[in-house]
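What follows is upload_5.cif (mmCIF, C-alpha atoms and all ligand atoms).
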data_query
loop_
_atom_site.label_atom_id
_atom_site.label_comp_id
_atom_site.auth_asym_id
_atom_site.auth_seq_id
_atom_site.Cartn_x
_atom_site.Cartn_y
_atom_site.Cartn_z
CA TRP A 455 3.18 -37.69 0.41
CA GLU A 456 4.42 -35.49 3.20
CA PRO A 457 2.19 -32.95 4.83
CA PRO A 458 3.23 -29.34 4.02
CA VAL A 459 5.12 -27.48 6.71
CA THR A 460 2.55 -25.47 8.58
CA ARG A 461 3.49 -22.07 9.86
CA ASP A 462 1.84 -19.88 12.41
CA LEU A 463 1.20 -16.65 10.53
CA THR A 464 -0.57 -14.98 13.44
CA ILE A 465 0.73 -11.47 14.07
CA SER A 466 2.43 -11.41 17.45
CA GLU A 467 3.97 -7.94 17.35
CA VAL A 468 4.03 -4.77 15.25
CA ARG A 469 7.00 -2.42 15.57
CA LEU A 470 6.81 1.16 14.32
CA THR A 471 10.01 3.14 14.03
CA PRO A 472 9.82 6.78 12.94
CA ILE A 473 13.11 8.02 11.53
CA LEU A 474 14.62 11.17 10.05
CA VAL A 475 16.58 10.67 6.84
CA ALA A 476 19.06 13.11 5.31
CA ASP A 477 17.70 14.92 2.25
CA PRO A 478 19.53 17.37 -0.05
CA PRO A 479 18.25 20.93 -0.69
CA LEU A 480 16.02 19.98 -3.64
CA LEU A 481 13.76 22.77 -4.89
CA ASN A 482 10.14 22.51 -5.88
CA THR A 483 7.34 24.98 -6.35
CA GLN A 484 6.44 24.96 -2.64
CA GLY A 485 9.96 25.60 -1.35
CA VAL A 486 12.91 23.36 -0.66
CA HIS A 487 13.39 20.01 0.99
CA GLN A 488 14.36 20.15 4.66
CA PRO A 489 17.75 18.66 5.61
CA TYR A 490 16.00 15.66 7.16
CA THR A 491 12.71 14.11 6.18
CA PRO A 492 10.44 11.82 8.24
CA ARG A 493 9.75 8.22 7.22
CA LEU A 494 8.08 5.42 9.13
CA ILE A 495 9.42 1.85 9.12
CA VAL A 496 6.84 -0.85 9.89
CA GLU A 497 7.79 -4.34 11.06
CA ILE A 498 5.13 -7.02 11.40
CA VAL A 499 6.28 -10.09 13.31
CA THR A 500 4.51 -13.47 13.17
CA ALA A 501 4.20 -16.04 15.95
CA ASP A 502 6.88 -18.05 14.10
CA GLY A 503 9.27 -15.13 14.26
CA VAL A 504 9.04 -14.09 10.59
CA THR A 505 9.31 -10.30 10.18
CA GLY A 506 7.80 -8.38 7.26
CA LEU A 507 8.89 -4.82 6.38
CA GLY A 508 6.96 -1.80 5.18
CA GLU A 509 7.68 1.92 4.77
CA THR A 510 5.55 5.04 4.44
CA TYR A 511 5.45 8.75 5.25
CA GLY A 512 6.58 9.47 8.78
CA ASP A 513 4.79 12.78 9.38
CA THR A 514 2.88 12.98 12.67
CA GLY A 515 -0.60 12.37 11.21
CA TYR A 516 0.57 9.15 9.56
CA LEU A 517 2.42 8.02 12.66
CA ASP A 518 -0.58 8.58 14.94
CA LEU A 519 -2.84 6.55 12.69
CA ALA A 520 -0.21 3.84 12.24
CA ARG A 521 -0.09 3.50 16.02
CA SER A 522 -3.87 2.98 16.20
CA LEU A 523 -3.71 0.37 13.44
CA ALA A 524 -0.69 -1.43 14.94
CA ALA A 525 -2.56 -1.87 18.23
CA ARG A 526 -5.36 -3.69 16.41
CA LEU A 527 -3.24 -6.26 14.58
CA PRO A 528 -1.85 -8.79 17.09
CA GLY A 529 -3.89 -11.99 16.87
CA ARG A 530 -4.82 -11.47 13.21
CA SER A 531 -3.06 -13.30 10.36
CA VAL A 532 -0.59 -11.70 7.94
CA THR A 533 -2.61 -13.39 5.18
CA ASP A 534 -5.78 -11.50 6.15
CA VAL A 535 -4.87 -8.34 4.24
CA ASN A 536 -8.45 -7.70 3.07
CA GLY A 537 -9.62 -7.98 6.67
CA MET A 538 -6.98 -5.46 7.72
CA PHE A 539 -8.26 -2.96 5.15
CA ALA A 540 -11.76 -3.39 6.61
CA ILE A 541 -10.69 -2.43 10.14
CA ASP A 542 -12.66 0.57 11.30
CA LEU A 543 -9.90 3.11 11.76
CA PRO A 544 -11.37 6.48 12.65
CA VAL A 545 -9.34 9.42 11.36
CA ASP A 546 -9.88 12.81 12.94
CA GLU A 547 -9.47 16.11 11.14
CA SER A 548 -6.42 17.10 13.19
CA GLN A 549 -4.64 13.98 11.92
CA VAL A 550 -5.53 14.94 8.33
CA ALA A 551 -4.26 18.48 8.89
CA GLY A 552 -1.06 17.08 10.42
CA ALA A 553 -0.49 14.90 7.38
CA VAL A 554 -0.76 17.59 4.69
CA ASP A 555 2.74 17.77 3.36
CA ALA A 556 4.46 20.37 1.31
CA GLY A 557 1.30 22.22 0.34
CA GLY A 558 -0.34 19.26 -1.34
CA LEU A 559 2.40 17.84 -3.59
CA ARG A 560 0.68 14.52 -3.04
CA GLY A 561 -2.66 15.88 -4.26
CA VAL A 562 -5.57 16.89 -2.03
CA GLN A 563 -5.25 15.31 1.39
CA SER A 564 -8.25 13.54 2.88
CA ALA A 565 -9.02 11.15 5.69
CA GLY A 566 -9.41 8.32 3.17
CA LYS A 567 -6.05 8.98 1.58
CA LEU A 568 -4.31 9.27 4.93
CA ARG A 569 -5.78 5.94 5.95
CA LEU A 570 -4.63 4.27 2.71
CA SER A 571 -1.15 5.81 3.01
CA VAL A 572 -0.81 4.12 6.39
CA LEU A 573 -2.44 0.84 5.38
CA SER A 574 -0.12 0.56 2.38
CA ALA A 575 2.95 0.12 4.60
CA PHE A 576 1.18 -2.57 6.60
CA GLU A 577 0.04 -4.31 3.41
CA VAL A 578 3.62 -4.36 2.11
CA ALA A 579 4.85 -5.68 5.47
CA CYS A 580 2.20 -8.45 5.42
CA LEU A 581 3.17 -9.42 1.87
CA ASP A 582 6.85 -9.41 2.82
CA ALA A 583 6.09 -11.64 5.83
CA GLN A 584 3.98 -14.02 3.70
CA GLY A 585 6.71 -14.20 1.08
CA ARG A 586 9.36 -14.96 3.68
CA ALA A 587 7.14 -17.59 5.30
CA PHE A 588 6.26 -19.31 2.01
CA GLY A 589 9.65 -18.83 0.33
CA LEU A 590 8.08 -16.72 -2.43
CA PRO A 591 8.96 -13.28 -3.75
CA VAL A 592 6.31 -10.57 -3.34
CA HIS A 593 5.82 -10.39 -7.11
CA ALA A 594 4.74 -14.07 -7.05
CA LEU A 595 2.12 -13.24 -4.41
CA LEU A 596 0.81 -10.58 -6.82
CA GLY A 597 0.48 -13.07 -9.66
CA GLY A 598 4.04 -13.12 -10.91
CA LYS A 599 6.43 -10.80 -12.68
CA VAL A 600 6.07 -10.12 -16.39
CA ARG A 601 9.55 -8.53 -16.62
CA ASP A 602 12.86 -9.20 -14.87
CA ALA A 603 13.87 -5.58 -14.37
CA VAL A 604 11.94 -2.34 -13.84
CA GLU A 605 13.15 0.79 -15.57
CA TYR A 606 13.41 4.08 -13.67
CA SER A 607 14.02 7.58 -14.95
CA ALA A 608 16.58 10.02 -13.55
CA TYR A 609 14.77 12.50 -11.32
CA LEU A 610 16.42 15.88 -11.88
CA PHE A 611 15.96 18.71 -9.40
CA TYR A 612 16.98 22.32 -9.29
CA LYS A 613 19.01 22.43 -6.14
CA TRP A 614 21.25 24.55 -4.01
CA ALA A 615 24.81 23.49 -3.23
CA ARG A 616 23.93 23.28 0.45
CA HIS A 617 21.14 23.86 2.93
CA PRO A 618 20.88 27.46 4.19
CA ALA A 619 23.62 28.70 6.49
CA GLY A 620 23.02 27.79 10.12
CA VAL A 621 20.73 24.83 9.29
CA PRO A 622 22.32 21.58 10.52
CA ALA A 623 22.60 19.10 7.64
CA GLU A 624 24.68 16.28 6.23
CA PRO A 625 27.34 17.22 3.65
CA ASP A 626 26.04 17.34 0.07
CA ARG A 627 28.17 15.91 -2.70
CA TRP A 628 26.03 16.96 -5.64
CA GLY A 629 26.63 20.70 -5.91
CA ALA A 630 24.20 23.30 -7.19
CA ALA A 631 21.96 22.98 -10.26
CA LEU A 632 20.19 26.26 -10.95
CA ASP A 633 20.36 26.69 -14.72
CA PRO A 634 20.32 24.57 -17.90
CA ALA A 635 24.03 23.77 -17.68
CA GLY A 636 23.64 22.68 -14.04
CA ILE A 637 20.67 20.46 -14.89
CA VAL A 638 22.50 18.83 -17.80
CA ALA A 639 25.54 18.21 -15.56
CA GLN A 640 23.27 16.63 -12.94
CA ALA A 641 21.64 14.46 -15.60
CA ARG A 642 25.03 13.31 -16.86
CA GLU A 643 26.12 12.41 -13.35
CA LEU A 644 22.92 10.47 -12.60
CA ARG A 645 23.29 8.65 -15.92
CA ARG A 646 26.96 7.92 -15.23
CA ARG A 647 26.22 6.51 -11.79
CA HIS A 648 22.98 4.64 -12.52
CA GLY A 649 22.62 4.36 -16.30
CA PHE A 650 19.26 6.15 -16.54
CA GLY A 651 17.94 6.51 -20.07
CA SER A 652 15.06 8.91 -19.45
CA PHE A 653 14.92 12.15 -17.49
CA LYS A 654 12.30 13.96 -15.43
CA LEU A 655 12.88 17.55 -14.37
CA LYS A 656 11.06 18.86 -11.31
CA GLY A 657 9.86 22.26 -12.46
CA GLY A 658 7.65 25.01 -11.09
CA VAL A 659 10.73 26.56 -9.49
CA PHE A 660 11.80 29.19 -12.03
CA PRO A 661 9.79 31.14 -14.60
CA PRO A 662 8.66 28.66 -17.29
CA GLY A 663 10.98 30.06 -19.98
CA GLU A 664 14.02 29.05 -17.89
CA GLU A 665 12.66 25.55 -17.41
CA VAL A 666 11.88 25.26 -21.13
CA ALA A 667 15.53 26.18 -21.78
CA ALA A 668 16.67 23.46 -19.36
CA VAL A 669 14.58 20.82 -21.13
CA ARG A 670 15.89 22.03 -24.50
CA ALA A 671 19.43 21.67 -23.16
CA LEU A 672 18.61 18.13 -22.03
CA ALA A 673 17.21 17.32 -25.46
CA GLU A 674 20.44 18.50 -27.05
CA ALA A 675 22.61 16.61 -24.59
CA PHE A 676 20.56 13.39 -24.79
CA PRO A 677 18.97 13.28 -28.23
CA GLY A 678 16.09 10.83 -28.51
CA HIS A 679 15.88 10.13 -24.76
CA PRO A 680 12.43 10.48 -23.16
CA LEU A 681 12.06 13.76 -21.22
CA ARG A 682 9.39 14.94 -18.79
CA LEU A 683 8.78 18.21 -16.98
CA ASP A 684 6.71 18.35 -13.77
CA PRO A 685 5.91 21.77 -12.24
CA ASN A 686 3.42 20.28 -9.74
CA GLY A 687 0.54 22.37 -11.06
CA ALA A 688 2.36 25.71 -10.94
CA TRP A 689 1.13 26.98 -14.33
CA SER A 690 -2.09 28.42 -15.67
CA VAL A 691 -3.81 26.73 -18.61
CA ALA A 692 -2.36 29.34 -20.98
CA THR A 693 1.19 28.85 -19.68
CA SER A 694 0.82 25.08 -19.83
CA LEU A 695 -0.21 25.33 -23.48
CA LYS A 696 2.67 27.65 -24.29
CA VAL A 697 5.17 25.22 -22.73
CA ALA A 698 3.51 22.30 -24.53
CA GLU A 699 3.88 24.17 -27.80
CA GLU A 700 7.52 25.01 -27.15
CA LEU A 701 8.55 21.53 -26.03
CA GLY A 702 6.07 19.38 -27.93
CA ASP A 703 8.79 17.86 -30.13
CA VAL A 704 10.92 16.59 -27.24
CA LEU A 705 8.55 15.72 -24.39
CA GLU A 706 7.45 12.18 -23.55
CA TYR A 707 4.78 13.87 -21.42
CA LEU A 708 4.04 16.95 -19.34
CA GLU A 709 3.35 16.03 -15.71
CA ASP A 710 0.75 18.05 -13.78
CA PRO A 711 1.33 21.33 -15.65
CA THR A 712 -1.74 22.83 -13.99
CA LEU A 713 -3.91 22.08 -10.96
CA GLY A 714 -7.20 20.22 -10.93
CA THR A 715 -9.01 18.00 -13.39
CA PRO A 716 -11.02 20.75 -15.17
CA ALA A 717 -7.86 22.77 -15.92
CA MET A 718 -5.94 19.65 -16.95
CA ALA A 719 -8.84 18.77 -19.27
CA GLU A 720 -8.62 22.22 -20.90
CA VAL A 721 -4.90 21.75 -21.53
CA SER A 722 -5.41 18.22 -22.75
CA ALA A 723 -8.06 19.32 -25.26
CA ALA A 724 -5.73 21.86 -26.84
CA THR A 725 -2.42 19.99 -27.11
CA ARG A 726 -1.15 16.72 -28.49
CA VAL A 727 1.49 16.46 -25.76
CA PRO A 728 0.37 13.66 -23.41
CA LEU A 729 -0.43 14.74 -19.84
CA ALA A 730 0.51 12.66 -16.81
CA THR A 731 -0.59 13.18 -13.21
CA ASN A 732 0.12 12.25 -9.65
CA MET A 733 -1.93 15.19 -8.39
CA CYS A 734 -5.40 15.23 -9.94
CA VAL A 735 -5.95 11.46 -9.96
CA THR A 736 -4.77 10.23 -6.58
CA THR A 737 -7.77 8.15 -5.46
CA PHE A 738 -10.23 5.78 -7.13
CA GLY A 739 -12.94 8.38 -6.63
CA GLU A 740 -11.09 10.89 -8.82
CA ILE A 741 -10.81 8.55 -11.82
CA ALA A 742 -14.27 8.89 -13.35
CA GLU A 743 -14.18 12.64 -13.86
CA ALA A 744 -10.61 12.69 -15.15
CA PHE A 745 -11.09 9.82 -17.61
CA THR A 746 -14.45 10.95 -18.93
CA LYS A 747 -13.04 14.45 -19.51
CA ASP A 748 -9.87 12.98 -21.09
CA ALA A 749 -7.91 15.18 -18.69
CA VAL A 750 -4.92 12.83 -18.46
CA GLN A 751 -3.33 10.23 -20.65
CA ILE A 752 -1.07 8.67 -17.99
CA VAL A 753 -1.73 8.13 -14.27
CA LEU A 754 1.34 7.96 -12.06
CA SER A 755 0.61 5.71 -9.15
CA ASP A 756 2.17 6.03 -5.75
CA HIS A 757 1.57 2.80 -3.87
CA HIS A 758 1.73 4.69 -0.58
CA TYR A 759 -1.37 6.79 -1.07
CA TRP A 760 -3.16 4.46 -3.47
CA GLY A 761 -3.25 1.94 -0.63
CA GLY A 762 -0.56 -0.56 -1.50
CA LEU A 763 0.53 -2.98 -4.16
CA ARG A 764 -2.79 -4.73 -4.77
CA ASN A 765 -4.55 -1.37 -5.26
CA THR A 766 -1.78 -0.30 -7.64
CA ARG A 767 -2.58 -3.34 -9.77
CA HIS A 768 -6.26 -2.50 -9.50
CA LEU A 769 -5.51 1.04 -10.73
CA ALA A 770 -3.44 -0.35 -13.60
CA ALA A 771 -6.35 -2.57 -14.65
CA ILE A 772 -8.76 0.38 -14.68
CA CYS A 773 -6.28 2.46 -16.69
CA ALA A 774 -5.89 -0.38 -19.19
CA ALA A 775 -9.67 -0.64 -19.59
CA PHE A 776 -9.83 3.07 -20.46
CA GLY A 777 -6.74 3.12 -22.68
CA VAL A 778 -4.97 5.37 -20.18
CA GLY A 779 -1.28 4.73 -19.52
CA VAL A 780 0.06 3.95 -16.07
CA SER A 781 3.44 4.41 -14.43
CA MET A 782 4.75 5.51 -11.03
CA HIS A 783 6.09 8.70 -9.52
CA SER A 784 7.83 8.94 -6.17
CA ASN A 785 8.26 10.99 -3.06
CA THR A 786 11.39 10.91 -0.91
CA HIS A 787 11.66 7.21 0.00
CA LEU A 788 14.06 4.51 1.06
CA GLY A 789 14.89 1.04 -0.19
CA ILE A 790 11.93 -0.82 1.33
CA SER A 791 9.60 1.32 -0.77
CA LEU A 792 11.83 1.03 -3.85
CA ALA A 793 11.71 -2.76 -3.49
CA ALA A 794 7.91 -2.64 -3.12
CA MET A 795 7.60 -0.36 -6.19
CA THR A 796 9.81 -2.70 -8.19
CA HIS A 797 7.85 -5.82 -7.24
CA VAL A 798 4.49 -4.36 -8.18
CA ALA A 799 5.80 -2.65 -11.34
CA SER A 800 7.21 -5.98 -12.46
CA THR A 801 3.68 -7.44 -12.47
CA VAL A 802 1.93 -4.69 -14.47
CA PRO A 803 1.73 -5.71 -18.15
CA ASP A 804 1.17 -2.30 -19.74
CA LEU A 805 3.92 -0.28 -18.11
CA HIS A 806 5.17 1.82 -20.99
CA HIS A 807 6.93 4.65 -19.14
CA ALA A 808 9.89 4.40 -16.79
CA CYS A 809 8.90 4.99 -13.14
CA ASP A 810 10.69 7.75 -11.27
CA SER A 811 12.53 7.43 -8.00
CA HIS A 812 14.05 9.80 -5.44
CA TYR A 813 16.31 6.99 -4.20
CA PRO A 814 19.57 8.28 -5.74
CA TRP A 815 19.12 11.44 -3.62
CA GLN A 816 18.98 9.46 -0.38
CA SER A 817 22.48 8.91 1.00
CA GLU A 818 21.08 6.98 3.97
CA ASP A 819 18.98 3.83 4.11
CA VAL A 820 17.85 1.27 6.67
CA LEU A 821 18.92 -1.73 4.57
CA THR A 822 22.00 -3.90 5.02
CA GLU A 823 22.50 -3.60 1.26
CA ARG A 824 21.24 -0.74 -0.88
CA LEU A 825 19.28 -1.47 -4.03
CA THR A 826 21.15 -0.60 -7.22
CA PHE A 827 20.18 0.64 -10.66
CA THR A 828 21.84 -1.08 -13.60
CA GLY A 829 21.30 0.59 -16.92
CA GLY A 830 18.63 2.66 -15.13
CA SER A 831 16.74 -0.45 -14.00
CA VAL A 832 16.31 -2.34 -10.76
CA THR A 833 16.47 -6.11 -11.13
CA VAL A 834 13.35 -7.78 -9.74
CA SER A 835 14.34 -9.89 -6.74
CA ASP A 836 13.30 -13.54 -6.66
CA ALA A 837 14.34 -13.92 -3.02
CA PRO A 838 11.53 -14.55 -0.51
CA GLY A 839 9.45 -11.47 0.34
CA LEU A 840 10.71 -8.10 -0.82
CA GLY A 841 14.28 -9.40 -0.87
CA VAL A 842 15.67 -6.71 1.43
CA GLU A 843 17.09 -6.90 4.97
CA LEU A 844 16.88 -4.35 7.76
CA ASP A 845 20.06 -2.82 9.17
CA ARG A 846 19.03 -2.49 12.82
CA ASP A 847 21.98 -0.27 13.79
CA GLU A 848 21.15 2.19 11.04
CA LEU A 849 17.46 2.07 11.93
CA ALA A 850 18.34 2.85 15.55
CA ARG A 851 20.66 5.72 14.52
CA LEU A 852 18.05 7.35 12.29
CA HIS A 853 15.41 6.84 14.98
CA ARG A 854 17.64 8.58 17.55
CA ARG A 855 17.81 11.54 15.19
CA TRP A 856 13.98 11.59 15.14
CA ALA A 857 13.78 11.20 18.94
CA ASP A 858 16.28 14.03 19.48
CA ASP A 859 14.47 16.41 17.12
CA ASP A 860 12.61 19.27 18.77
CA GLY A 861 9.60 18.57 16.54
CA SER A 862 10.51 21.01 13.78
CA LEU A 863 11.46 18.26 11.33
CA ARG A 864 8.87 15.66 12.17
CA ASP A 865 6.44 17.01 9.57
CA ARG A 866 7.74 17.75 6.10
CA ASP A 867 7.42 21.46 5.43
CA ASP A 868 9.18 22.70 2.28
CA ALA A 869 7.94 26.27 2.79
CA ALA A 870 9.37 26.44 6.32
CA ALA A 871 12.69 25.16 4.97
CA MET A 872 12.63 27.91 2.32
CA ARG A 873 12.09 30.58 4.98
CA ALA A 874 15.52 29.77 6.43
CA ALA A 875 16.92 31.30 3.22
CA GLU A 876 14.13 33.71 2.32
CA PRO A 877 12.39 34.86 5.51
CA GLY A 878 9.37 36.28 3.66
CA TRP A 879 8.65 33.07 1.71
CA ARG A 880 5.03 31.90 1.68
CA THR A 881 3.65 28.84 -0.10
CA PRO A 882 2.90 30.34 -3.53
CA VAL A 883 -0.66 30.91 -4.65
CA MET A 884 -1.36 28.74 -7.71
CA PRO A 885 -1.06 29.17 -10.59
CA ARG A 886 2.27 30.86 -10.04
CA TRP A 887 2.81 31.57 -13.71
O1 LIG A 901 10.19 15.66 -3.79
O2 LIG A 901 9.92 17.77 -4.21
C1 LIG A 901 9.61 16.58 -4.36
C2 LIG A 901 8.50 16.23 -5.32
O3 LIG A 901 7.90 17.41 -5.78
C3 LIG A 901 7.48 15.31 -4.71
O4 LIG A 901 7.05 15.80 -3.48
C4 LIG A 901 6.31 15.07 -5.62
O5 LIG A 901 5.29 14.47 -4.92
O6 LIG A 901 7.87 13.88 -6.96
C5 LIG A 901 6.57 14.13 -6.74
C6 LIG A 901 5.87 14.44 -8.02
O7 LIG A 901 6.12 13.76 -8.99
O8 LIG A 901 5.04 15.35 -8.08
MG MG A 902 4.63 14.62 -10.23
#
Rewrite the coordinates I just gave you, this time as structure tokens.
Ligand code: GKR
Ligand code: MG
Amino acid sequence: WEPPVTRDLTISEVRLTPILVADPPLLNTQGVHQPYTPRLIVEIVTADGVTGLGETYGDTGYLDLARSLAARLPGRSVTDVNGMFAIDLPVDESQVAGAVDAGGLRGVQSAGKLRLSVLSAFEVACLDAQGRAFGLPVHALLGGKVRDAVEYSAYLFYKWARHPAGVPAEPDRWGAALDPAGIVAQARELRRRHGFGSFKLKGGVFPPGEEVAAVRALAEAFPGHPLRLDPNGAWSVATSLKVAEELGDVLEYLEDPTLGTPAMAEVSAATRVPLATNMCVTTFGEIAEAFTKDAVQIVLSDHHYWGGLRNTRHLAAICAAFGVGVSMHSNTHLGISLAAMTHVASTVPDLHHACDSHYPWQSEDVLTERLTFTGGSVTVSDAPGLGVELDRDELARLHRRWADDDGSLRDRDDAAAMRAAEPGWRTPVMPRW
């Protein structure tokens, strides 16, 4: 018998690196993506020199809170994740206001959700560090994978060919997609590059009839493939029901057709099209009302604001108990988050819908090697930790971009980006249609 190798898992240092990442002019109901979007890269270093990686939103409110949390961690262990979640981390209202992004596309913002969105990156970094120290993949730390690959859907966006004139941006190789033919061409290209077998269209951009026509065109181009439409709550109950009626034969589900649990429940009661959400069920506290009213049939987790990978599994267990489906949606993210999503998704038994990912839209990443989709899926890594490595030169370059910014891009603001093209643009009052 030989004694096991003991490691010192005490946190010696936490590094926070805010970055700005290139983003194409993708349209949503609030406006358009800015040419660069903020993300925060978290590194947790142990006394033994093992470094764990995490990623979350980089907007100022998140960054401020991450700084307070980082200061409290040295001396604690990377295995004490529950203890980290119990740290008293006061959030003030100005931080909450600073963290509201894109008019609430991540649901209602609150101090609790802001706190969890920050903690999630630290949880992922702790799990990555543990995995590297023990030689185990993150999925093993979560109880083990039940599948070897996680399926993602193509995330289709209406988009302009370029950011508005005069706005500095990286070159865009995708071209415009502003009508059914453009959306089908985009879907074909995403399928050609990554093999996706299901398609989600971000709606709420054009009058519903035009978006119905785009989904019909997708159904014709890809017969039998699962299709979803997500207007981020831009429609009234009546409009939602009309769209459900018109697309009922081709939709896998409608995602957040209307805003708020009571309105979603009204739609749900009057259609057989399943409803999914990443807007009305975004915290544990919102589950009871939504499930008892049968407002949604599928909850789309986002490990960032649900508070990490363990909470995502907790959510999946609650959904399973209520016969509600679970899957994942995404916000603009890089490879650390895609790896984290893939690890946790690989451990959830009842994952019956492909997750979605913005990753194909991100031309930049902070990894030495990008993650790839094969046949629309990401292979679950069995390497220690998340199985990804940081490219320090790229991290430094994207951080310099953040440091050089005058502050206008450090908080995502899709409405402000839209005003560069349409000076009178205001965040629309919902429902828009
Ligand atoms: O990136 O424009 C976008 C999306 O609208 C994103 O912000 C949403 O949070 O993709 C998300 C969704 O599924 O609602
Ligand atoms: Mg959504």
Item to complete: Can you pull out every residue within 7 Å of Pro711 in chain A, counting all atoms listed in the file, but drop anything in the same chain fewer than 6 positions away, and send it as a list in words?
Response: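 The neighbour list is Asp684, Pro685, Asn686, Gly687, Ala688, Trp689 and Ser694 of chain A.
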Please provide the set of residues having any atom within 9 Å of range 524-535 of chain A, restricted to only C-alpha atoms, with same-chain residues fewer than 6 positions apart removed, written as a PDB file with C-alpha atoms, in the coordinates of the input.
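Final file, around.pdb:
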ATOM      1  CA  ASP A 462       1.840 -19.880  12.410  1.00  0.00           C
ATOM      2  CA  LEU A 463       1.200 -16.650  10.530  1.00  0.00           C
ATOM      3  CA  THR A 464      -0.570 -14.980  13.440  1.00  0.00           C
ATOM      4  CA  ILE A 465       0.730 -11.470  14.070  1.00  0.00           C
ATOM      5  CA  SER A 466       2.430 -11.410  17.450  1.00  0.00           C
ATOM      6  CA  GLU A 467       3.970  -7.940  17.350  1.00  0.00           C
ATOM      7  CA  VAL A 468       4.030  -4.770  15.250  1.00  0.00           C
ATOM      8  CA  ARG A 469       7.000  -2.420  15.570  1.00  0.00           C
ATOM      9  CA  LEU A 470       6.810   1.160  14.320  1.00  0.00           C
ATOM     10  CA  ILE A 498       5.130  -7.020  11.400  1.00  0.00           C
ATOM     11  CA  VAL A 499       6.280 -10.090  13.310  1.00  0.00           C
ATOM     12  CA  THR A 500       4.510 -13.470  13.170  1.00  0.00           C
ATOM     13  CA  ILE A 541     -10.690  -2.430  10.140  1.00  0.00           C
ATOM     14  CA  PHE A 576       1.180  -2.570   6.600  1.00  0.00           C
ATOM     15  CA  GLU A 577       0.040  -4.310   3.410  1.00  0.00           C
ATOM     16  CA  ALA A 579       4.850  -5.680   5.470  1.00  0.00           C
ATOM     17  CA  CYS A 580       2.200  -8.450   5.420  1.00  0.00           C
ATOM     18  CA  LEU A 581       3.170  -9.420   1.870  1.00  0.00           C
ATOM     19  CA  ALA A 583       6.090 -11.640   5.830  1.00  0.00           C
ATOM     20  CA  GLN A 584       3.980 -14.020   3.700  1.00  0.00           C
TER      21      GLN A 584
END
Fill in: Distance criterion (all atoms listed in the file): nearest to Gly585 in chain A out of A:Ala869, A:Val842, A:Leu672, A:Leu655
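Of the candidates, the smallest distance to Gly585 in chain A is held by A:Val842.
For ligand LIG 901 (chain A), the set of protein, DNA and RNA residues within 7 Å, based on only C-alpha atoms and all ligand atoms, reads Leu480, Leu481, Asn482, His487, Leu559, Arg560, Lys656, Asp684, Asn686, Asn732, Met733, His783, Ser784, Asn785 and Thr786 of chain A.
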Item to complete: Tell me which protein, DNA and RNA residues are within 12 Å of Val638 in chain A, counting only C-alpha atoms, leaving out same-chain ones fewer than 3 positions away, and put them as a ChimeraX atom specification.
Response: /A:608-612,630-635,641-645,653-655,665,667-676
File of the preceding selection, C-alpha atoms, as an mmCIF file, in the frame of the given file:
data_model
loop_
_atom_site.group_PDB
_atom_site.id
_atom_site.type_symbol
_atom_site.label_atom_id
_atom_site.label_comp_id
_atom_site.auth_asym_id
_atom_site.auth_seq_id
_atom_site.Cartn_x
_atom_site.Cartn_y
_atom_site.Cartn_z
ATOM 1 C CA ALA A 608 16.580 10.020 -13.550
ATOM 2 C CA TYR A 609 14.770 12.500 -11.320
ATOM 3 C CA LEU A 610 16.420 15.880 -11.880
ATOM 4 C CA PHE A 611 15.960 18.710 -9.400
ATOM 5 C CA TYR A 612 16.980 22.320 -9.290
ATOM 6 C CA ALA A 630 24.200 23.300 -7.190
ATOM 7 C CA ALA A 631 21.960 22.980 -10.260
ATOM 8 C CA LEU A 632 20.190 26.260 -10.950
ATOM 9 C CA ASP A 633 20.360 26.690 -14.720
ATOM 10 C CA PRO A 634 20.320 24.570 -17.900
ATOM 11 C CA ALA A 635 24.030 23.770 -17.680
ATOM 12 C CA ALA A 641 21.640 14.460 -15.600
ATOM 13 C CA ARG A 642 25.030 13.310 -16.860
ATOM 14 C CA GLU A 643 26.120 12.410 -13.350
ATOM 15 C CA LEU A 644 22.920 10.470 -12.600
ATOM 16 C CA ARG A 645 23.290 8.650 -15.920
ATOM 17 C CA PHE A 653 14.920 12.150 -17.490
ATOM 18 C CA LYS A 654 12.300 13.960 -15.430
ATOM 19 C CA LEU A 655 12.880 17.550 -14.370
ATOM 20 C CA GLU A 665 12.660 25.550 -17.410
ATOM 21 C CA ALA A 667 15.530 26.180 -21.780
ATOM 22 C CA ALA A 668 16.670 23.460 -19.360
ATOM 23 C CA VAL A 669 14.580 20.820 -21.130
ATOM 24 C CA ARG A 670 15.890 22.030 -24.500
ATOM 25 C CA ALA A 671 19.430 21.670 -23.160
ATOM 26 C CA LEU A 672 18.610 18.130 -22.030
ATOM 27 C CA ALA A 673 17.210 17.320 -25.460
ATOM 28 C CA GLU A 674 20.440 18.500 -27.050
ATOM 29 C CA ALA A 675 22.610 16.610 -24.590
ATOM 30 C CA PHE A 676 20.560 13.390 -24.790
#
Discussion item. Nearest residue to ligand MG 902 (chain A) out of A:Pro478, A:Gly657, A:Pro591, A:Pro618, using all atoms listed in the file?
Written reply: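 Closest to ligand MG 902 (chain A), using all atoms listed in the file: A:Gly657.
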Discussion item. When you look at Ala719 in chain A with a cut-off of 12 Å (counting only C-alpha atoms), what residues show up, excluding the ones that are within fewer than 2 positions of it in the same chain? I need them as a PyMOL selection string.
Written reply: chain A and resi 691+694-695+710-717+721-725+728-731+734+743-751
Worksheet entry | Separation of CA of His812 in chain A from CA of Phe650 in chain A in Å |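 About the pair CA of Phe650 in chain A and CA of His812 in chain A: they are 12.8 Å apart.
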